[in-house]
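Remarks on the structure that follows.
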Amino acid sequence: MSRISLASQIIGDRRYQSLILFGLQERTFLRMLAAMVVISAIFYPYPQIAMWIGFMFAGYSAIANDSIQTIGTFISSNVDTKWWKLWLWIGGIFVATVFYSWYTYGGDVSFQRLTSKGFSESPTSFSFYQIIAPVVLLLITRLRMPVSTTFMLLSCFSANASGIIGVAQKSLTGYGLSFVVAILVWYLLAGPIKKLTAGTPHPAWRIAQWIISGWLWSIWIRHDAANIAIFLNRQLTFLDFLFFASFIFFGLGLLFYLRGDKIQKIITEKSQTADVRGATVIDFVYTIILFVFAEWSKIPMSTTWIFLGLLGGRELAMQLSKNAETNRNMVGTLKIVGRDIVFATLGLIISVALAIGVNTNIQTELIQYFGW
Amino acid sequence: MTESNRRVFLREKLKTKTIILNTFAEFLASTIFSALYFIFISRYLDQGFHTDYILLSFSIGLAFFAAVYIPFHTYRIHIIPFITLVTALRKRKPIILLHKIPVQILGAFVGVMIFNTINSITTKINIEDFQLIQLNNTALIIAINSITAAFLSYVFYMIRVLFNSRQLAGTIYLSLFYAALFAMTSFFANVSALNPFGYFFYDLLGNQTMKNQHFLVFIVNHAIMPIAAVLMVYFILIQKNNNKQKNLQQ
């Protein structure tokens, strides 16, 4: 009797084999996600438990995926430094930054990002999809699609469509601006940067990198703490804060011990990120852009899009400039930039679809808008 | 110790380790499944959750998938004793029954305890109310229960052996089939073949899904007839297939 594989008949043998390989390679991760879905299914109706479960999932997602935008270059250019030194520096800055926000803004750890329109009310009940949104995010990013956590999580909680539109507008502006800034910096300053990065790096570079990475990290927290805190009450008690800060602090410890999760590969595939000087310049430009947007308005935005714009513009400028060295040709560069844009847009579409599915306010607004 | 003795010793050690891991995984799976099975039904019965029957069936299939996938990722996990029975017969290894069935019982007990705790705090639902079609014909109920058990065991065999889907794909097919089977049969109230030990402990712990049944009818309905149906499926269909396969190989 011949043996048939039904799935390979349906989707084609090659796709089936890739799927099997992915399932086997990532089986521990996938089992963890399945466990997360089960936990969500059991606890989502109980808001007091669900908020902390949602927070932990979002926290894990922030640590494993998003934080790589900021500390990824720090990890890849400090491979020879002990993991716990890196952890204490980055973890210490995290605790200090969120404590400042919690203390200054009366228990709010999001730097008032969640006081903006559509996000100001603490959630009083949760739907199943809201709790599993970070799980979906983890799955998509494991497929190496750089999805915006801000879109994915905040859009599920927005009280109205204008909240999401505000976030999307600010994020798109961020992408465009960082793309242009990156092209200008790496094209016009390619010569000086090349001279600066020639030969063995001076020890002062290491100090500069630690300071700039720390600064970048704290500004990034100003933007993205909202993504984790969205599940919690807008004013945290001291005990709430203690759990919030400890969870992320020890999670960061694990991240540094493992030297970044799988998503770290996205950073290492880009040109010159392992060199302390190249990494410092990227971090510095990224910090300035994030700083400008943090001061500009309190509307949350996708730092992922800024980061993608920055890396895309930088890769393109390095390709165009005669002074810069890159390890791929123009077609390869355009492919990388295009792929990131396509995946980020795909992530946006999935996020909006999820938001529409979850959010009854947005459903009502859509029905009214289209006159159904 | 000679080299060959050492190899035998290591092989035996590995075998024991695999059996222990399998047993633990079966317990975990049985716990997850029994708890989720009743949690989803109770939410369906609770008006506050707005769950429809299709979503409930899908959720039950998902519960089966999660219970199989989380502890071991392949479906060496059986959860349902009728599947274990068919596997033991097909492999001619009665030992499988010995290390699977007791932990399935234990897992179902823990699962039902978890459900009872959650239910008593929140939904406060009696699963007996999950009776969409009132069937009073005992013979018909027994027939439905037995056919369900037989059908489940046979499809497990089909997916496992005929389609050769051992890994993730097989687990997905089986879960989809389980969801469909639940959707088809659960109209007739508490078809115990889909979660035998779960229903057993649900009753034993005082919730009484089958309180009006005579003890003998109870045993015939939930144990004797489903087992007989599974045995029939094995001896009539599965063994025939096995023999055909052997003849083809020769």
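By order in the structure tokens, chains are A, B, ...; within a chain, residues start at 1; ligands start at 1, following the order shown.
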
Would you write out, as CSV, a table of all residues in chain A that have an atom no more than 12 Å from an atom of chain B, listing for each the closest atom pair and the distance in Å to one decimal, considering only C-alpha atoms and ordering rows by chain and rising residue number?
```
residue,atom,partner,partner_atom,distance
A:Met1,CA,B:Gln245,CA,5.8
A:Ser2,CA,B:Leu162,CA,8.1
A:Arg3,CA,B:Phe163,CA,5.9
A:Ile4,CA,B:Phe163,CA,4.9
A:Ser5,CA,B:Phe163,CA,5.3
A:Leu6,CA,B:Phe163,CA,6.5
A:Ala7,CA,B:Ala169,CA,6.9
A:Ser8,CA,B:Ala169,CA,9.7
A:Gln9,CA,B:Phe163,CA,10.9
A:Ile10,CA,B:Ala169,CA,11.7
A:Ile11,CA,B:Ala169,CA,11.8
A:Tyr16,CA,B:Ala169,CA,9.4
A:Gln17,CA,B:Ala169,CA,11.2
A:Leu19,CA,B:Leu168,CA,9.4
A:Ile20,CA,B:Leu168,CA,7.5
A:Leu21,CA,B:Leu168,CA,10.5
A:Phe22,CA,B:Leu168,CA,10.5
A:Gly23,CA,B:Leu168,CA,7.1
A:Leu24,CA,B:Leu168,CA,8.6
A:Glu26,CA,B:His73,CA,11.0
A:Arg27,CA,B:His73,CA,7.3
A:Thr28,CA,B:Ile70,CA,8.8
A:Phe29,CA,B:Ile70,CA,10.2
A:Leu30,CA,B:Ile70,CA,8.5
A:Arg31,CA,B:Ile70,CA,4.9
A:Met32,CA,B:Ile70,CA,7.2
A:Leu33,CA,B:Ile70,CA,8.9
A:Ala34,CA,B:Ala66,CA,6.1
A:Ala35,CA,B:Ile70,CA,6.2
A:Met36,CA,B:Ile70,CA,9.9
A:Val37,CA,B:Ala66,CA,8.6
A:Val38,CA,B:Ala66,CA,7.1
A:Ile39,CA,B:Leu36,CA,10.1
A:Ser40,CA,B:Leu36,CA,11.6
A:Ala41,CA,B:Leu36,CA,8.6
A:Ile42,CA,B:Leu36,CA,7.5
A:Phe43,CA,B:Ile118,CA,9.7
A:Tyr44,CA,B:Phe49,CA,11.1
A:Pro45,CA,B:Phe49,CA,8.7
A:Tyr46,CA,B:Thr122,CA,8.8
A:Phe126,CA,B:Phe49,CA,11.8
A:Ser127,CA,B:Phe49,CA,10.1
A:Phe128,CA,B:Phe49,CA,10.9
```

Give me the residues near B:Tyr37 as number ranges by chain, where near means some atom within 12 Å (using only C-alpha atoms) and where sequence neighbours in that chain fewer than 4 positions away do not count.
A: 38, 41-42; B: 29-33, 41-44, 56-67, 108, 111-112, 114-116, 127, 178-179, 182, 190, 192, 194-199, 202

Just-selected residues, N, CA and C atoms written as a short mmCIF file (atom, residue, chain, number, x, y, z; two decimals), in the first residue's frame:
```
data_model
loop_
_atom_site.label_atom_id
_atom_site.label_comp_id
_atom_site.auth_asym_id
_atom_site.auth_seq_id
_atom_site.Cartn_x
_atom_site.Cartn_y
_atom_site.Cartn_z
N VAL A 38 -3.12 28.48 25.29
CA VAL A 38 -3.98 27.76 26.25
C VAL A 38 -4.17 28.59 27.52
N ALA A 41 -6.53 31.28 26.80
CA ALA A 41 -7.91 30.79 26.68
C ALA A 41 -8.53 30.55 28.05
N ILE A 42 -7.72 30.09 28.99
CA ILE A 42 -8.27 29.81 30.32
C ILE A 42 -8.53 31.12 31.09
N ALA B 29 -0.95 15.87 29.13
CA ALA B 29 -1.91 16.04 28.04
C ALA B 29 -3.33 15.79 28.53
N SER B 30 -3.48 14.72 29.30
CA SER B 30 -4.79 14.34 29.79
C SER B 30 -5.35 15.43 30.72
N THR B 31 -4.47 16.01 31.52
CA THR B 31 -4.89 17.09 32.44
C THR B 31 -5.36 18.31 31.64
N ILE B 32 -4.51 18.73 30.69
CA ILE B 32 -4.85 19.92 29.88
C ILE B 32 -6.17 19.69 29.16
N PHE B 33 -6.28 18.52 28.55
CA PHE B 33 -7.46 18.24 27.73
C PHE B 33 -8.75 18.23 28.56
N ILE B 41 -17.00 23.94 27.37
CA ILE B 41 -18.43 23.64 27.39
C ILE B 41 -19.15 24.58 28.38
N SER B 42 -18.52 24.79 29.54
CA SER B 42 -19.18 25.66 30.53
C SER B 42 -19.31 27.08 29.99
N ARG B 43 -18.32 27.53 29.21
CA ARG B 43 -18.42 28.88 28.64
C ARG B 43 -19.49 28.96 27.56
N TYR B 44 -19.67 27.85 26.86
CA TYR B 44 -20.73 27.81 25.85
C TYR B 44 -22.09 27.94 26.54
N LEU B 56 -17.51 26.52 19.69
CA LEU B 56 -17.26 25.55 20.75
C LEU B 56 -16.55 24.31 20.19
N SER B 57 -17.06 23.80 19.08
CA SER B 57 -16.46 22.60 18.47
C SER B 57 -15.01 22.87 18.07
N PHE B 58 -14.80 24.05 17.49
CA PHE B 58 -13.45 24.43 17.09
C PHE B 58 -12.54 24.53 18.32
N SER B 59 -13.07 25.09 19.40
CA SER B 59 -12.29 25.24 20.63
C SER B 59 -11.92 23.87 21.20
N ILE B 60 -12.87 22.92 21.11
CA ILE B 60 -12.60 21.58 21.64
C ILE B 60 -11.49 20.92 20.79
N GLY B 61 -11.55 21.12 19.47
CA GLY B 61 -10.49 20.60 18.60
C GLY B 61 -9.15 21.22 18.95
N LEU B 62 -9.19 22.53 19.24
CA LEU B 62 -7.97 23.25 19.62
C LEU B 62 -7.43 22.73 20.96
N ALA B 63 -8.36 22.40 21.84
CA ALA B 63 -7.96 21.86 23.15
C ALA B 63 -7.23 20.53 22.95
N PHE B 64 -7.75 19.72 22.03
CA PHE B 64 -7.13 18.43 21.74
C PHE B 64 -5.72 18.65 21.15
N PHE B 65 -5.65 19.60 20.21
CA PHE B 65 -4.36 19.90 19.58
C PHE B 65 -3.36 20.36 20.64
N ALA B 66 -3.78 21.31 21.48
CA ALA B 66 -2.87 21.85 22.50
C ALA B 66 -2.42 20.76 23.45
N ALA B 67 -3.37 19.90 23.84
CA ALA B 67 -3.03 18.85 24.79
C ALA B 67 -2.02 17.86 24.21
N ALA B 108 -7.01 13.00 33.93
CA ALA B 108 -8.41 13.42 33.85
C ALA B 108 -8.91 13.89 35.21
N GLY B 111 -7.46 17.28 35.81
CA GLY B 111 -8.11 18.21 34.89
C GLY B 111 -9.50 18.61 35.37
N VAL B 112 -10.27 17.59 35.81
CA VAL B 112 -11.63 17.87 36.29
C VAL B 112 -11.58 18.70 37.58
N ILE B 114 -9.31 20.89 38.30
CA ILE B 114 -9.00 22.26 37.88
C ILE B 114 -10.29 22.93 37.36
N PHE B 115 -11.02 22.19 36.52
CA PHE B 115 -12.26 22.74 35.98
C PHE B 115 -13.24 23.08 37.10
N ASN B 116 -13.41 22.13 38.04
CA ASN B 116 -14.36 22.36 39.13
C ASN B 116 -14.01 23.61 39.92
N ILE B 127 -22.54 20.80 33.60
CA ILE B 127 -22.31 20.30 32.24
C ILE B 127 -23.51 19.48 31.73
N TYR B 178 -11.32 15.61 15.31
CA TYR B 178 -11.91 15.57 16.65
C TYR B 178 -12.97 16.66 16.79
N ALA B 179 -12.63 17.87 16.28
CA ALA B 179 -13.59 18.99 16.34
C ALA B 179 -14.86 18.63 15.57
N PHE B 182 -16.87 16.04 17.44
CA PHE B 182 -17.56 16.67 18.58
C PHE B 182 -18.81 17.40 18.08
N ASN B 190 -23.37 14.89 25.99
CA ASN B 190 -22.33 14.18 26.75
C ASN B 190 -21.93 12.82 26.18
N SER B 192 -19.68 10.36 25.95
CA SER B 192 -18.51 10.17 26.82
C SER B 192 -17.30 9.61 26.07
N LEU B 194 -15.75 10.75 23.75
CA LEU B 194 -14.80 11.79 23.38
C LEU B 194 -13.92 12.23 24.55
N ASN B 195 -14.33 11.90 25.76
CA ASN B 195 -13.52 12.24 26.93
C ASN B 195 -13.94 11.33 28.09
N PRO B 196 -13.70 10.01 27.94
CA PRO B 196 -14.29 9.05 28.89
C PRO B 196 -13.91 9.29 30.35
N PHE B 197 -12.62 9.41 30.61
CA PHE B 197 -12.22 9.55 32.02
C PHE B 197 -12.63 10.91 32.58
N GLY B 198 -12.67 11.90 31.71
CA GLY B 198 -13.12 13.23 32.13
C GLY B 198 -14.55 13.16 32.65
N TYR B 199 -15.44 12.55 31.84
CA TYR B 199 -16.84 12.42 32.26
C TYR B 199 -16.97 11.55 33.51
N TYR B 202 -16.04 13.67 36.35
CA TYR B 202 -17.04 14.73 36.51
C TYR B 202 -18.23 14.18 37.31
#
```

Identify which of the residues A:Gly313, A:Gly106, A:Pro123, A:Pro47 lies closest to A:Ala229, counting only C-alpha atoms when measuring atom-to-atom distances.
A:Pro123

Taking the DSSP assignment computed from this structure's backbone, write out as number ranges by chain all residues of stretch 159-350 of chain A that belong to helix (DSSP H, G or I).
A: 161-188, 190-196, 203-229, 238-257, 264-268, 276-296, 303-320, 330-350

For A:Gly214, work out the shell of residues within 9 Å, counting only C-alpha atoms and skipping chain neighbours fewer than 3 positions away, then give it as number ranges by chain.
A: 71, 89-90, 93, 209-211, 217-219

Write to file, as a PDB file, in the first residue's frame, the residues of the selection just made, with N, CA and C atoms.
```pdb
ATOM      1  N   ILE A  71      19.315  47.319  21.607  1.00  0.00           N
ATOM      2  CA  ILE A  71      20.492  46.713  22.222  1.00  0.00           C
ATOM      3  C   ILE A  71      21.116  45.628  21.347  1.00  0.00           C
ATOM      4  N   TRP A  89      24.122  47.010  33.151  1.00  0.00           N
ATOM      5  CA  TRP A  89      24.074  48.352  32.551  1.00  0.00           C
ATOM      6  C   TRP A  89      22.693  48.626  31.941  1.00  0.00           C
ATOM      7  N   ILE A  90      22.282  47.719  31.055  1.00  0.00           N
ATOM      8  CA  ILE A  90      21.006  47.919  30.348  1.00  0.00           C
ATOM      9  C   ILE A  90      19.806  47.743  31.302  1.00  0.00           C
ATOM     10  N   ILE A  93      19.517  50.754  33.633  1.00  0.00           N
ATOM     11  CA  ILE A  93      18.921  51.916  32.948  1.00  0.00           C
ATOM     12  C   ILE A  93      17.406  51.720  32.820  1.00  0.00           C
ATOM     13  N   GLN A 209      30.260  54.130  23.135  1.00  0.00           N
ATOM     14  CA  GLN A 209      29.166  53.240  22.748  1.00  0.00           C
ATOM     15  C   GLN A 209      28.255  52.890  23.921  1.00  0.00           C
ATOM     16  N   TRP A 210      28.857  52.631  25.076  1.00  0.00           N
ATOM     17  CA  TRP A 210      28.049  52.279  26.263  1.00  0.00           C
ATOM     18  C   TRP A 210      27.146  53.442  26.649  1.00  0.00           C
ATOM     19  N   ILE A 211      27.694  54.670  26.563  1.00  0.00           N
ATOM     20  CA  ILE A 211      26.882  55.841  26.946  1.00  0.00           C
ATOM     21  C   ILE A 211      25.748  56.046  25.941  1.00  0.00           C
ATOM     22  N   TRP A 217      18.640  53.412  24.714  1.00  0.00           N
ATOM     23  CA  TRP A 217      17.784  52.454  25.424  1.00  0.00           C
ATOM     24  C   TRP A 217      16.744  53.183  26.268  1.00  0.00           C
ATOM     25  N   SER A 218      17.198  54.240  26.968  1.00  0.00           N
ATOM     26  CA  SER A 218      16.246  54.936  27.845  1.00  0.00           C
ATOM     27  C   SER A 218      15.211  55.697  27.013  1.00  0.00           C
ATOM     28  N   ILE A 219      15.624  56.250  25.854  1.00  0.00           N
ATOM     29  CA  ILE A 219      14.640  56.955  25.001  1.00  0.00           C
ATOM     30  C   ILE A 219      13.676  55.948  24.384  1.00  0.00           C
TER      31      ILE A 219
END
```

Spatial neighbours of A:Cys156, 9 Å, only C-alpha atoms, chain gap at least 3 places, as an MDAnalysis selection string:
chainID A and resid 129:130 133 151:153 159 351:352 354:359

If we count only C-alpha atoms and set the cut-off at 6 Å, which residues sit around stretch 246-260 of chain A, ignoring sequence neighbours fewer than 5 positions away in its own chain? Please answer as a list in words.
Trp83, Trp87 and Gly91 of chain A
